[in-house]
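Enquirer: The structure is given below, and queries will be raised subsequently.
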Amino acid sequence: MTCVVLVGNGGREHALAWRLARSASCTRLIATGAHPSWPDAVEPIAGDPLAIAREFRAGLVVVGPESPLAAGLADRLLAAEIPCFGPTAAAARLESSKAFTKEVLAAAGIPTAAALVVERGDPAGWARARARCARGEVVLKADGLAAGKGVVVCATGAEALEALEDMHRFGGAADTLVLEDRLTGPEVSVFALCDGERAVALPSAQDHKRLREGDQGPNTGGMGAVAPCPLVSGDQLDAILDQVHRPVLVEMARRGTPFRGVLYAGLMLTPDGLRVLEFNVRFGDPECQPLMLLWDEDIVPWLMGCAVGRLPDGKPQFRSGAAACVVVAAEGYPDAPVLGTQIPDGGPVEEGVLFVAGARRSGDGLVVSGGRVLGPTAWGADLATARARATAAAQRWAFPGAQIRRDIGAGG
Ligand code: GLY
């Protein structure tokens with residue numbers, strides 16, 4: 001029986017709270033962030049997660065976003081002997097430093113795009129970066145955390161040279177740059193729960209990062225996601241973990257910084273086989289929303305198993321069928337979201353949940369307060385049914401100026 005403290009208050013954390021509230025072994029659920037639609041079971045208590053965990057004798061702290069992990073929240077909790085779902089700062093470098101990730105991938109022999117790593121202050125490195133950009137077909141990445149925006153995909157040399165000069169807008173996160181060969185192929189997200197030694201697969205998922213239908217328009221934090229992804233069968237998942245996640249665990253343990261938490265591998269299925277594009281050290285947003293809807297048992301023993309370095313035997317249980325999340329984004333997102341718009345009630349989501357991200361409560365209703373506003377998420381016996389239900393809900397909840405994609409999950 002566990003008191004759980006949840007850190008974070010976006011759409012991903014709404015989905016985590018929804019699942020935790022249904023977990024028999026979660027006897028008390030405290031959230032450190034405010035949210036307009038926390039489940040009734042959640043007690044919102046603002047403050048430092050460590051102080052709250054101490055005061056309420058929490059048995060587990062679940063950290064949703066990457067920033068507190070990169071800043072050492074798990075280290076502080078572990079020093080106080082409070083189990084934390086989410087890695088230490090040293091292990092979170094798999095997300096907080098793209099150059100470090102490249103180093104780990106090379107050391108572990110995991111397939112990834114060829115890359116050049118340069119320091120912005122080094123004239124010789126800068127000259128190499130310019131020469132690489134001039135050849136085009138390159139992906140520029142800020143080394144550090146940049147709120148999911150530090151990656152620029154360039155086709156031509158002119159585009160790449162301009163983007164290179166513009167990387168300073170990411171501030172210190174772009175003091176080091178990673179320039180990768182641009183690859184082609186569909187992208188999939190493969191998540192594994194990790195206890196430092198063992199990795200257990202969750203259903204595959206697919207995010208849709210471009211703003212507009214047909215994968216057009218600027219990159220976003222994600223306009224919708226489905227799980228499982230039809231491009232990765234259940235049988236392939238374990239082979240992917242053998243090729244990617246398990247060698248990472250061995251390499252991180254060898255370095256004395258074992259990885260505990262959920263390791264999210266962003267993969268591209270290229271004509272030459274899979275390549276790792278990036279790692280994240282937390283659940284994806286919006287991939288977490290369909291995963292939590294599919295999860296079909298008490299989640300706490302699994303998150304606790306990661307935290308204490310001893311995952312339960314076997315595999316977590318998920319509903320059959322599929323789930324889809326269709327994001328309702330604000331007018332002007334991603335560059336300049338228009339805030340303050342009233343959101344008319346769109347009614348219940350058939351076989352699903354209205355997860356809320358960038359909205360606040362005003363009277364009885366909701367008002368836009370962020371870029372990705374709502375994430376109606378629905379289950380179906382097959383993907384077509386799940387996506388039809390989620391898309392219908394997104395259309396009903398679309399407020400004036402809202403942007404949605406009606407092709408989430410249609411490509412597979
Ligand atoms: N879905 C993309 C991310 O969470 O980073």
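Residues are referred to by chain and number: the chain letter is A, B, ... according to the order shown in the structure tokens, the number counts from 1 in that chain, and ligands are numbered separately from 1 in the order shown.
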Quick one: residues within 7 Å of Cys288 (chain A), only C-alpha atoms, excluding same-chain residues fewer than 4 positions away - as an NGL selection string?

Expert: :A and (12 or 15 or 283-284 or 292)

Enquirer: Please run DSSP on the backbone and report, as a ChimeraX atom specification, all residues within region 19-133 of chain A that come out as strand (DSSP E).

Expert: /A:26-31,42-44,60-63,84-85,115-119

Enquirer: Counting only C-alpha atoms, what is within 7 Å of Ala160 (chain A), bar same-chain residues fewer than 4 positions away, as a count of residues only?

Expert: 6

Enquirer: Pull the closest atom pair for each residue of chain A that gets at most 7 Å from ligand 1, along with the distance in Å to one decimal, counting only C-alpha atoms and all ligand atoms, ordering rows by chain and then ascending residue number, as JSON lines.

Expert:
{"residue": "A:Gly148", "atom": "CA", "partner": "ligand 1", "partner_atom_place_in_ligand_line": "5 (O)", "distance": 6.2}
{"residue": "A:Asp207", "atom": "CA", "partner": "ligand 1", "partner_atom_place_in_ligand_line": "1 (N)", "distance": 5.6}
{"residue": "A:Gly221", "atom": "CA", "partner": "ligand 1", "partner_atom_place_in_ligand_line": "2 (C)", "distance": 5.7}
{"residue": "A:Gly222", "atom": "CA", "partner": "ligand 1", "partner_atom_place_in_ligand_line": "1 (N)", "distance": 5.2}
{"residue": "A:Asn280", "atom": "CA", "partner": "ligand 1", "partner_atom_place_in_ligand_line": "5 (O)", "distance": 6.8}
{"residue": "A:Phe283", "atom": "CA", "partner": "ligand 1", "partner_atom_place_in_ligand_line": "4 (O)", "distance": 6.5}
{"residue": "A:Gly284", "atom": "CA", "partner": "ligand 1", "partner_atom_place_in_ligand_line": "4 (O)", "distance": 3.3}
{"residue": "A:Asp285", "atom": "CA", "partner": "ligand 1", "partner_atom_place_in_ligand_line": "4 (O)", "distance": 4.0}
{"residue": "A:Pro286", "atom": "CA", "partner": "ligand 1", "partner_atom_place_in_ligand_line": "1 (N)", "distance": 5.4}
{"residue": "A:Glu287", "atom": "CA", "partner": "ligand 1", "partner_atom_place_in_ligand_line": "1 (N)", "distance": 5.9}

Enquirer: Take the selection from the previous step and output its residues with N, CA and C atoms, as a PDB file, in the first residue's frame.

Expert:
ATOM      1  N   GLY A 148      11.994  20.282 -26.235  1.00  0.00           N
ATOM      2  CA  GLY A 148      11.561  19.503 -27.396  1.00  0.00           C
ATOM      3  C   GLY A 148      11.692  20.241 -28.719  1.00  0.00           C
ATOM      4  N   ASP A 207       4.160   8.577 -32.557  1.00  0.00           N
ATOM      5  CA  ASP A 207       3.798   9.979 -32.398  1.00  0.00           C
ATOM      6  C   ASP A 207       3.677  10.578 -33.801  1.00  0.00           C
ATOM      7  N   GLY A 221       5.417  19.396 -30.495  1.00  0.00           N
ATOM      8  CA  GLY A 221       5.679  18.421 -29.434  1.00  0.00           C
ATOM      9  C   GLY A 221       4.991  17.095 -29.690  1.00  0.00           C
ATOM     10  N   GLY A 222       4.083  17.052 -30.673  1.00  0.00           N
ATOM     11  CA  GLY A 222       3.342  15.826 -30.975  1.00  0.00           C
ATOM     12  C   GLY A 222       1.866  16.151 -31.118  1.00  0.00           C
ATOM     13  N   ASN A 280      14.739   9.309 -24.717  1.00  0.00           N
ATOM     14  CA  ASN A 280      14.154  10.139 -23.679  1.00  0.00           C
ATOM     15  C   ASN A 280      14.085   9.277 -22.428  1.00  0.00           C
ATOM     16  N   PHE A 283       8.176   8.975 -20.051  1.00  0.00           N
ATOM     17  CA  PHE A 283       7.165   8.616 -21.044  1.00  0.00           C
ATOM     18  C   PHE A 283       7.032   9.737 -22.071  1.00  0.00           C
ATOM     19  N   GLY A 284       6.676   9.362 -23.295  1.00  0.00           N
ATOM     20  CA  GLY A 284       6.412  10.360 -24.326  1.00  0.00           C
ATOM     21  C   GLY A 284       5.083  11.051 -24.065  1.00  0.00           C
ATOM     22  N   ASP A 285       4.999  12.260 -24.555  1.00  0.00           N
ATOM     23  CA  ASP A 285       3.739  13.016 -24.496  1.00  0.00           C
ATOM     24  C   ASP A 285       3.451  13.437 -25.935  1.00  0.00           C
ATOM     25  N   PRO A 286       2.498  12.878 -26.640  1.00  0.00           N
ATOM     26  CA  PRO A 286       1.298  12.220 -26.134  1.00  0.00           C
ATOM     27  C   PRO A 286       1.291  10.681 -26.137  1.00  0.00           C
ATOM     28  N   GLU A 287       2.428   9.995 -26.321  1.00  0.00           N
ATOM     29  CA  GLU A 287       2.356   8.525 -26.379  1.00  0.00           C
ATOM     30  C   GLU A 287       1.849   7.911 -25.069  1.00  0.00           C
TER      31      GLU A 287
END

Enquirer: CA of His245 (chain A) to CA of Asp313 (chain A): how many Å, to one decimal?

Expert: 17.9 Å

Enquirer: Show me, as JSON, numbers by chain, the residues that have an atom within 8 Å of region 181-196 of chain A when counting only C-alpha atoms, minus same-chain residues fewer than 6 positions from it.

Expert: {"A": [113, 114, 115, 137, 138, 139, 153, 154, 202, 203, 204, 205, 206, 207, 229, 231, 237, 241, 245, 249, 253, 258, 259, 260, 261, 262, 263, 264, 265, 266, 267, 268, 269, 270, 271, 283, 302, 303, 305, 306, 307, 308, 309, 310, 311]}

Enquirer: Which residues are close to region 40-57 of chain A, i.e. within 12 Å by only C-alpha atoms, leaving aside same-chain residues fewer than 5 positions away? Reply as JSON, numbers by chain.

Expert: {"A": [1, 2, 3, 4, 5, 6, 7, 8, 9, 13, 14, 16, 17, 18, 19, 20, 21, 22, 23, 26, 27, 28, 29, 30, 31, 32, 33, 34, 35, 62, 63, 68, 69, 72, 73, 74, 75, 76, 77, 78, 79, 80, 81, 82, 83, 84]}

Enquirer: Near Glu331 (chain A), within 9 Å and counting only C-alpha atoms, which residues show up once chain neighbours fewer than 3 positions away are dropped, as a ChimeraX atom specification?

Expert: /A:334,336-339,371,400-403

Enquirer: Could you write out the selected residues, including N, CA and C atoms, as a PDB file, in the first residue's frame?

Expert:
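Result file out.pdb:
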ATOM      1  N   PRO A 334       2.717  25.917 -33.375  1.00  0.00           N
ATOM      2  CA  PRO A 334       3.606  25.944 -32.209  1.00  0.00           C
ATOM      3  C   PRO A 334       4.285  27.293 -31.972  1.00  0.00           C
ATOM      4  N   ALA A 336       3.211  30.692 -31.826  1.00  0.00           N
ATOM      5  CA  ALA A 336       2.635  31.706 -30.937  1.00  0.00           C
ATOM      6  C   ALA A 336       1.195  31.314 -30.615  1.00  0.00           C
ATOM      7  N   PRO A 337       1.019  30.349 -29.688  1.00  0.00           N
ATOM      8  CA  PRO A 337      -0.345  29.909 -29.385  1.00  0.00           C
ATOM      9  C   PRO A 337      -1.199  31.053 -28.844  1.00  0.00           C
ATOM     10  N   VAL A 338      -2.433  31.106 -29.326  1.00  0.00           N
ATOM     11  CA  VAL A 338      -3.377  32.115 -28.840  1.00  0.00           C
ATOM     12  C   VAL A 338      -4.020  31.578 -27.561  1.00  0.00           C
ATOM     13  N   LEU A 339      -3.817  32.287 -26.473  1.00  0.00           N
ATOM     14  CA  LEU A 339      -4.316  31.826 -25.171  1.00  0.00           C
ATOM     15  C   LEU A 339      -5.616  32.533 -24.820  1.00  0.00           C
ATOM     16  N   GLY A 371      -0.088  25.480 -25.618  1.00  0.00           N
ATOM     17  CA  GLY A 371      -0.114  25.168 -27.046  1.00  0.00           C
ATOM     18  C   GLY A 371      -0.896  23.907 -27.375  1.00  0.00           C
ATOM     19  N   PRO A 400     -12.846  27.568 -31.246  1.00  0.00           N
ATOM     20  CA  PRO A 400     -12.519  28.443 -32.377  1.00  0.00           C
ATOM     21  C   PRO A 400     -11.003  28.582 -32.572  1.00  0.00           C
ATOM     22  N   GLY A 401     -10.537  28.332 -33.800  1.00  0.00           N
ATOM     23  CA  GLY A 401      -9.113  28.440 -34.136  1.00  0.00           C
ATOM     24  C   GLY A 401      -8.314  27.186 -33.840  1.00  0.00           C
ATOM     25  N   ALA A 402      -8.940  26.168 -33.215  1.00  0.00           N
ATOM     26  CA  ALA A 402      -8.203  24.964 -32.819  1.00  0.00           C
ATOM     27  C   ALA A 402      -7.631  24.246 -34.039  1.00  0.00           C
ATOM     28  N   GLN A 403      -6.500  23.588 -33.845  1.00  0.00           N
ATOM     29  CA  GLN A 403      -5.867  22.814 -34.919  1.00  0.00           C
ATOM     30  C   GLN A 403      -5.866  21.344 -34.514  1.00  0.00           C
TER      31      GLN A 403
END

Enquirer: Pick from A:Ala393, A:Ala147, A:Ala91, A:Ala142: nearest to Gly172 (chain A), with only C-alpha atoms counted?

Expert: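 Looking only at the distances to Gly172 (chain A), the closest residue turns out to be A:Ala142.
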
Enquirer: Using only C-alpha atoms for the distances, tell me which of A:Ala324, A:Val276, A:Asp242, A:Gly347 is nearest to Ala106 (chain A).

Expert: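 Distance minimum relative to Ala106 (chain A) lands on A:Val276.
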
Enquirer: One decimal, Å: what's the distance from CA of Ala158 (chain A) over to CA of Gly214 (chain A), could you say?

Expert: 25.0 Å

Enquirer: Rank nothing, just name the residue among A:Ile343, A:Val118, A:Ala323, A:Ala384 nearest to Gly224 (chain A), using only C-alpha atoms.

Expert: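 Of all the options, A:Ala323 lies closest to Gly224 (chain A).
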
Enquirer: Of the candidates A:Asp296, A:Gly10, A:Arg275, A:Glu180, which shows the shortest atom-to-atom distance to Arg372 (chain A), using only C-alpha atoms?

Expert: A:Gly10

Enquirer: Do you know which residues are at most 8 Å from Pro344 (chain A) counting only C-alpha atoms, after dropping those on the same chain fewer than 3 positions away, and could you put them as an mmCIF file with C-alpha atoms, in the first residue's frame?

Expert:
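Written out: selection-v8.cif:
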data_model
loop_
_atom_site.group_PDB
_atom_site.id
_atom_site.type_symbol
_atom_site.label_atom_id
_atom_site.label_comp_id
_atom_site.auth_asym_id
_atom_site.auth_seq_id
_atom_site.Cartn_x
_atom_site.Cartn_y
_atom_site.Cartn_z
ATOM 1 C CA GLY A 365 -15.528 25.395 -18.272
ATOM 2 C CA LEU A 366 -11.995 25.279 -19.615
ATOM 3 C CA TRP A 397 -13.905 19.596 -28.603
ATOM 4 C CA PHE A 399 -12.767 25.422 -30.028
#

Enquirer: For Arg319 (chain A), which of A:Tyr333, A:Phe355, A:Trp379, A:Trp38 is the closest residue, counting only C-alpha atoms?

Expert: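 With only C-alpha atoms as the atom set, the closest residue is A:Trp379.
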
Enquirer: Pick out the closest residue to Thr101 (chain A) from this set: A:Gly144, A:Gly273, A:Gly332, A:Val367. Count only C-alpha atoms.

Expert: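 Closest candidate: A:Gly144.
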